[in-house]
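Chemist: What follows is a single structure, and I will ask about it in a moment.
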Amino acid sequence: MILYPAIDLKDGQCVRLFKGEMAQATVFNDDPAAQGLAFAAQGAEWLHLVDLNGAFAGTPVNAAAVESILAAVDIPCQLGGGIRDMATIEAWLARGLKRVILGTVAVENPDLVRDAAANFPGQVAVGIDAREGRVATKGWAEETDVEVTELARQFEDAGVAAIIYTDINRDGAMQGPNVAATAALARAVSIPVIASGGVSRLEDLIALRDCGAALNGAISGRALYDGKLDLAQAIATLKA
């Protein structure tokens, strides 16, 4: 199971939100490239990047910050936030991004996800963000009536590389991940699932690893910045 350190970008800085609220952002580093290098130096195999402004705007906003990270590190990076058309997908992959994460368009334009996955095998993930089992879009600002499993199953045969499942109410709250819901999703689909939201300590990662479903990985942000989770130790534990 891979541990994906998260770098959430708002106004060019590395931040963490509390339950998805842009007004409740804590700045942890004003140098995204340096943060990426720090995670890589501690043994990270991947980086998980989010353009928070872009998620609300519907188009990339923190492109300069993302590009600085891509130029600084030699490990693969995945990016979500504001990626809603084929031109943007193509542009990011051409700049060296390993994987794009499509969230809002997975609900609003699922054909785009299928087309992108077919054109760029292994480089397109679906981001499913949910509150109480219902999918939220546009930077978590809009809630839908779509159920998590219902959306995920739409892409079973699309060639999607992964599903990144975020429980919004757990994100940044340091209350532990929603292990049961994540495991249920992983058992419901054959697409690899990455858990996101709430990982606050080593025991949370162990619980996800041992949940009874084969997860591809887990994303952690605030716990790494706060020092409550040691990245090198966590990576070693997940490989044990």
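In the structure tokens, chains take the letters A, B, ... in the order shown, each chain's residues start at 1, and ligands count up from 1 in the order shown.
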Write out as an mmCIF file with C-alpha atoms, in the first residue's frame the residues lying within 10 Å of A:Asp230, counting only C-alpha atoms and excluding same-chain residues fewer than 6 positions away.
Modeler:
data_model
loop_
_atom_site.group_PDB
_atom_site.id
_atom_site.type_symbol
_atom_site.label_atom_id
_atom_site.label_comp_id
_atom_site.auth_asym_id
_atom_site.auth_seq_id
_atom_site.Cartn_x
_atom_site.Cartn_y
_atom_site.Cartn_z
ATOM 1 C CA GLN A 42 11.848 11.114 3.394
ATOM 2 C CA ARG A 201 -1.592 8.567 12.977
ATOM 3 C CA LEU A 202 0.204 5.357 12.138
ATOM 4 C CA ALA A 223 -0.733 14.638 10.136
ATOM 5 C CA LEU A 224 2.556 14.864 8.222
#
Chemist: Sorted by chain and rising residue number, which residues of stretch 24-51 of chain A lie within 12 Å of stretch 86-102 of chain A, and what are their closest atom pairs and distances in Å to one decimal, counting only C-alpha atoms, as a tab-separated table?
Modeler:
residue	atom	partner	partner_atom	distance
A:Trp46	CA	A:Lys98	CA	9.5
A:Leu47	CA	A:Lys98	CA	9.9
A:His48	CA	A:Arg99	CA	9.5
A:Leu49	CA	A:Ile101	CA	9.5
A:Val50	CA	A:Ile101	CA	9.1
A:Asp51	CA	A:Ile101	CA	10.8
Chemist: Can you list, as a PyMOL selection string, all residues belonging to stretch 41-96 of chain A that DSSP tags as alpha helix (DSSP H)?
Modeler: chain A and resi 41+52-57+63-72+86-94
Chemist: What lies within 7 Å of stretch 160-164 of chain A using only C-alpha atoms, ignoring chain neighbours under 6 positions off, as a list in words?
Modeler: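 Residues near the query, excluding close chain neighbours: Ala117, Gly122, Gln123, Val124, Ala125, Val126, Gly127, Ile128, Ile191, Pro192, Val193, Ile194, Ala195 and Ser196 of chain A.
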Chemist: Would you mind reading off the distance between atom CA of A:Ile69 and atom CA of A:Ala34, one decimal, in Å?
Modeler: 7.8 Å
